[in-house]
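One structure is given below, encoded as structure tokens.
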Amino acid sequence: MAEPGSLAGKGRDVNLRRWQGLSGALALLAALGWVLGRMGFFEPGRLTGGLVNFGRFAAELFPPDLSVLPVVLGALIETVEMAFAGTFLGFLLSFPLGVLGTRTLFPRPVVLAVRLVVAVTRTVPSLLWAVIMVIVVGLGPLAGTLALAVYTVGYLAKLYAEILEGVDPEVIEAVRGLGARRHHLVRYVLWPESANTVLSQLLFMLEYNIRSSTVLGLVGAGGIGFYMQVYISTLAYSRLATVLLAVLVVVVVMDVLSAWARRHYLLDT
Amino acid sequence: MGIRQVANTEAPALTAAVDVRDLWMAYRPDEWVLKGVNLRVPKGQLWVVMGPSGAGKTTLMKVLAGLLPFQRGTVEVMGFRLRGDLTPPSRRVVGYIPQQLGLVRGLTALENVLLGSLARHGGLGPTLGFFPRSEVTRAREYLEMLGLGDKAETRVFQLSGGERQRVAIARTLMQDPKLILADEFVSDLDLPRAARILETIRGLVRERGLTLVMNLHEIQLVQELADHVVVLKDGKIVYHGPAGTLEWSSFRALVEAEDGRTGVAGW
Ligand SMILES: Nc1ncnc2c1ncn2[C@@H]1O[C@H](COP(=O)(O)OP(=O)(O)OP(=O)(O)O)[C@@H](O)[C@H]1O
Ligand SMILES: [Mg+2]
């Protein structure tokens, strides 16, 4: 039996932690209120007026103007192509970079150099990469694809290096003891021990890139974003509605597909 | 250059399988784990290293396997002089089975065994997943021999502890080693099953004239299995002698650590 006194002490500890948690949450809420207030969130008329505007905008969206559907579909296909190509191109670079960034396999200077490059890549948002790529390779889907690829590298290469470093060093050592070279280790230890996580992150990135590729056209980097911008700036909201609906369909279909792929290919380990 | 070649081509019958002289090893500067180890294991014998936890047994195995650099002394394994780099020429003739076996869990038993042939095939084929047919046949034969014929296509994470042990043995045999270094690799099994595995490996070692050096702490097994026993304590060899004539009662004091724990089961 434990001493009653010590139990009471434990109870006090638990209560104390609850109070700390609660006051932390309240502090966060207060910070949110303060920030929103500075932006005019609580000004009378600002939001209600906004609601009216939104109502008007929403009314103008309907009915969607389906006459632009062929054009929109073409651009949509281009968007999906950009997302696929960008993601896979990024993946093809990310895995090797992840390998080079694995401390259990490569000397420190190599690892640090690779990680630095990847970190720098990651600090630039994808839309900004799109602007840069438009400057580099000109307007069009190639710019968007390259922007997505670079952005993908920033995330996946870092994740992959971490995943690969999590592989049991004793297994690496044992297989090295069999006379395996470094590329054998990558093929027969790092890859099989991490493939599930690696592919699951790739799927996640693909979903993410499908979403973000829809806005790259805003800066002329190809895809459906171009029409979004045109229809917004010419106030052709019923056409914009067609674009938004099409994007919604693609995003939902992609989510369903990747959920299916996860269930069927990635669950058996 | 010329001198090294002479050393390497020395008549095999005369060289020991393992010849260690005044070996010093530290993971961190000045924290010596091995403190002047001397060890000479003749070819064709079966030696067991015992000693309390933390004595440096695993470290010694890894140095012999060419997986750890060392600071001082000379280490010769099957006539090859180790220099502490990660690609020693002894790789092809020395098999190493770590304590946790070091199997790739996501690969099948057969694929794991095939990894044992990698040192012979540096080309592109194996990297892409294509091993020579003769190697695949041989790998299957080893699995068959160890009673795992029907488990060849099973992934390692689905195998039992004893089955994994046998996959590890098959993988080591696949290397065609002349010397096998095994680090307490049966310690996770119950005694009867550990005994069976060791029986198997001893049969193979005898039949092929191999040399086996292993860490082992079950005293009954040591008595049954070994030709020779070495005790490593605090980084030094404090005892060695034939297993048959061992005075087990006085032997105990040697294996005891300062805190009274022996690291030896079965007293
Ligand atoms: N990678 C490492 N880095 C730093 N120190 C290590 C490392 N591996 C082992 N050591 C230290 O070296 C000493 C010897 O360890 P070792 O694993 O060789 O002992 P052991 O005799 O195999 O013990 P056990 O019977 O518990 O397996 C220990 O003090 C351990 O803490
Ligand atoms: Mg050990």
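Letters A, B, ... mark the chains of the structure tokens in the order given; residue numbers begin at 1 per chain; ligand numbers begin at 1, in order shown.
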
Could you pull out the residues sitting within 12 Å of ligand 1, using only C-alpha atoms and all ligand atoms, and write them as JSON, numbers by chain?
{"A": [169, 170, 173], "B": [25, 26, 27, 28, 29, 30, 31, 32, 33, 34, 35, 49, 50, 51, 52, 53, 54, 55, 56, 57, 58, 59, 60, 61, 62, 63, 67, 68, 69, 98, 99, 100, 182, 183, 184, 185, 187, 214, 215, 216, 217, 218, 231, 232, 233, 234, 235, 236, 237, 255, 257, 261, 262, 263, 264, 265]}

Compute the chain A side of the contact with chain B at 6 Å, counting only C-alpha atoms, and hand it back as a PyMOL selection string.
chain A and resi 170-171+174+178-180+184+192-193

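Between CA of Asp227 (chain B) and CA of Glu199 (chain B) lies a distance of 13.7 Å.
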
Give me the residues within 8 Å of Leu212 (chain B) as a list in words, counting only C-alpha atoms and dropping any in the same chain fewer than 3 places off.
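Listing them by chain and then by number gives Gly44, Gln45, Leu46, Trp47, Leu179, Ile180, Leu181, Ala182 and Val205 of chain B.
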
The selected residues should be written to file as a short mmCIF file (atom, residue, chain, number, x, y, z; two decimals), in the first residue's frame (atoms: N, CA and C atoms).
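Final output, result_22.cif:
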```
data_model
loop_
_atom_site.label_atom_id
_atom_site.label_comp_id
_atom_site.auth_asym_id
_atom_site.auth_seq_id
_atom_site.Cartn_x
_atom_site.Cartn_y
_atom_site.Cartn_z
N GLY B 44 40.80 -24.02 -37.17
CA GLY B 44 40.02 -25.24 -36.99
C GLY B 44 39.50 -25.44 -35.58
N GLN B 45 39.66 -24.45 -34.72
CA GLN B 45 39.19 -24.63 -33.34
C GLN B 45 37.97 -23.79 -33.04
N LEU B 46 37.40 -24.11 -31.89
CA LEU B 46 36.18 -23.47 -31.48
C LEU B 46 36.41 -22.81 -30.13
N TRP B 47 36.49 -21.48 -30.14
CA TRP B 47 36.82 -20.76 -28.91
C TRP B 47 35.64 -19.94 -28.42
N LEU B 179 36.56 -18.18 -41.13
CA LEU B 179 36.45 -17.87 -39.71
C LEU B 179 35.08 -17.25 -39.46
N ILE B 180 34.39 -17.75 -38.42
CA ILE B 180 33.10 -17.17 -38.07
C ILE B 180 33.21 -16.54 -36.69
N LEU B 181 32.81 -15.26 -36.60
CA LEU B 181 32.79 -14.56 -35.33
C LEU B 181 31.33 -14.38 -34.94
N ALA B 182 30.96 -14.88 -33.77
CA ALA B 182 29.54 -14.82 -33.39
C ALA B 182 29.42 -14.18 -32.01
N VAL B 205 31.00 -26.21 -38.54
CA VAL B 205 32.36 -25.73 -38.37
C VAL B 205 33.35 -26.89 -38.44
#
```

Go through A:Asn53, A:Thr79, A:Ser67, A:Thr152 and flag the residue nearest Leu93 (chain A), using only C-alpha atoms for the distances.
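Counting only C-alpha atoms, the residue closest to Leu93 (chain A) is A:Thr152.
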
Run DSSP on the backbone and tell me which residues of region 8-111 of chain B come out as helix (DSSP H, G or I); list them as a count of residues only.
17

Check region 110-240 of chain B with DSSP on the backbone and list each residue it calls strand (DSSP E or B), as a list in words.
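Filtering region 110-240 of chain B to strand (DSSP E or B) leaves Arg155, Leu179, Ile180, Leu181, Ala182, Asp183, Thr211, Leu212, Val213, Met214, Asn215, Glu218, His228, Val229, Val230, Val231, Leu232, Lys233, Lys236, Ile237, Val238, Tyr239 and His240 of chain B.
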
Applying 6 Å and only C-alpha atoms, which residues near region 141-152 of chain B remain after dropping the ones on its own chain fewer than 2 positions away? List them as JSON, numbers by chain.
{"B": [109, 110, 138, 139, 154, 170]}

Write to file, as a PDB file, in the first residue's frame, the residues of the selection just made, with N, CA and C atoms.
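As a result, out_21.pdb now contains:
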```
ATOM      1  N   ALA B 109      13.798 -14.263 -46.252  1.00  0.00           N
ATOM      2  CA  ALA B 109      14.908 -15.078 -45.764  1.00  0.00           C
ATOM      3  C   ALA B 109      15.922 -15.300 -46.886  1.00  0.00           C
ATOM      4  N   LEU B 110      15.406 -15.638 -48.071  1.00  0.00           N
ATOM      5  CA  LEU B 110      16.296 -15.909 -49.203  1.00  0.00           C
ATOM      6  C   LEU B 110      17.122 -14.678 -49.565  1.00  0.00           C
ATOM      7  N   ARG B 138      22.461 -21.941 -54.356  1.00  0.00           N
ATOM      8  CA  ARG B 138      23.234 -22.213 -53.150  1.00  0.00           C
ATOM      9  C   ARG B 138      22.518 -21.674 -51.908  1.00  0.00           C
ATOM     10  N   ALA B 139      21.973 -20.461 -52.041  1.00  0.00           N
ATOM     11  CA  ALA B 139      21.268 -19.864 -50.907  1.00  0.00           C
ATOM     12  C   ALA B 139      20.086 -20.750 -50.506  1.00  0.00           C
ATOM     13  N   THR B 154       9.570 -16.037 -47.062  1.00  0.00           N
ATOM     14  CA  THR B 154       8.951 -15.316 -45.944  1.00  0.00           C
ATOM     15  C   THR B 154       9.847 -14.160 -45.523  1.00  0.00           C
ATOM     16  N   ALA B 170      22.811 -19.152 -42.169  1.00  0.00           N
ATOM     17  CA  ALA B 170      22.846 -19.399 -43.613  1.00  0.00           C
ATOM     18  C   ALA B 170      23.518 -18.235 -44.343  1.00  0.00           C
TER      19      ALA B 170
END
```

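One distance worth recording is that between CA of Leu191 (chain B) and CA of Leu221 (chain B), which is 8.4 Å.
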
Using only C-alpha atoms, which protein or nucleic acid residues come within 12 Å of Ser213 (chain A)? Drop anything in the same chain fewer than 6 positions from it, and give the result as a PyMOL selection string.
chain A and resi 75-87+126-127+129-130+141-149+151-152+205-207+219-226+247+250-251

Name all residues at most 10 Å from Trp191 (chain A) (count only C-alpha atoms; drop same-chain ones fewer than 4 positions away) and give them as a VMD selection string.
(chain A and resid 95 99 164 167 184 to 187 195 to 198) or (chain B and resid 106)

Go ahead and write the residues just picked, N, CA, C and O atoms, as a short mmCIF file (atom, residue, chain, number, x, y, z; two decimals), in the first residue's frame.
```cif
data_model
loop_
_atom_site.label_atom_id
_atom_site.label_comp_id
_atom_site.auth_asym_id
_atom_site.auth_seq_id
_atom_site.Cartn_x
_atom_site.Cartn_y
_atom_site.Cartn_z
N PHE A 95 15.64 11.41 -52.89
CA PHE A 95 16.14 10.18 -52.27
C PHE A 95 17.67 10.14 -52.23
O PHE A 95 18.26 9.92 -51.17
N VAL A 99 20.02 10.20 -48.97
CA VAL A 99 21.08 9.22 -48.72
C VAL A 99 22.39 9.94 -48.39
O VAL A 99 23.08 9.61 -47.42
N LEU A 164 16.17 7.71 -43.00
CA LEU A 164 17.28 6.78 -43.25
C LEU A 164 18.22 6.69 -42.06
O LEU A 164 18.80 5.64 -41.78
N VAL A 167 17.36 4.04 -39.47
CA VAL A 167 17.58 2.61 -39.74
C VAL A 167 18.64 2.06 -38.78
O VAL A 167 19.68 2.69 -38.57
N HIS A 184 25.31 -1.07 -52.15
CA HIS A 184 24.57 -2.26 -51.72
C HIS A 184 23.76 -1.95 -50.45
O HIS A 184 22.63 -2.38 -50.32
N LEU A 185 24.39 -1.22 -49.55
CA LEU A 185 23.72 -0.89 -48.29
C LEU A 185 22.46 -0.07 -48.58
O LEU A 185 21.42 -0.28 -47.97
N VAL A 186 22.58 0.87 -49.51
CA VAL A 186 21.42 1.69 -49.86
C VAL A 186 20.32 0.80 -50.42
O VAL A 186 19.16 0.88 -50.03
N ARG A 187 20.70 -0.10 -51.32
CA ARG A 187 19.72 -0.93 -52.00
C ARG A 187 19.10 -1.99 -51.08
O ARG A 187 17.90 -2.26 -51.15
N ALA A 195 11.33 1.86 -46.98
CA ALA A 195 10.52 2.09 -48.18
C ALA A 195 9.09 2.52 -47.86
O ALA A 195 8.56 3.43 -48.49
N ASN A 196 8.51 1.88 -46.86
CA ASN A 196 7.13 2.22 -46.51
C ASN A 196 6.96 3.70 -46.16
O ASN A 196 6.09 4.38 -46.70
N THR A 197 7.79 4.16 -45.28
CA THR A 197 7.71 5.55 -44.86
C THR A 197 8.07 6.47 -46.02
O THR A 197 7.43 7.51 -46.22
N VAL A 198 9.09 6.09 -46.78
CA VAL A 198 9.53 6.91 -47.90
C VAL A 198 8.40 7.09 -48.91
O VAL A 198 8.10 8.20 -49.35
N GLY B 106 12.73 -6.30 -43.60
CA GLY B 106 11.77 -6.19 -44.70
C GLY B 106 12.10 -7.09 -45.89
O GLY B 106 11.31 -7.16 -46.83
#
```
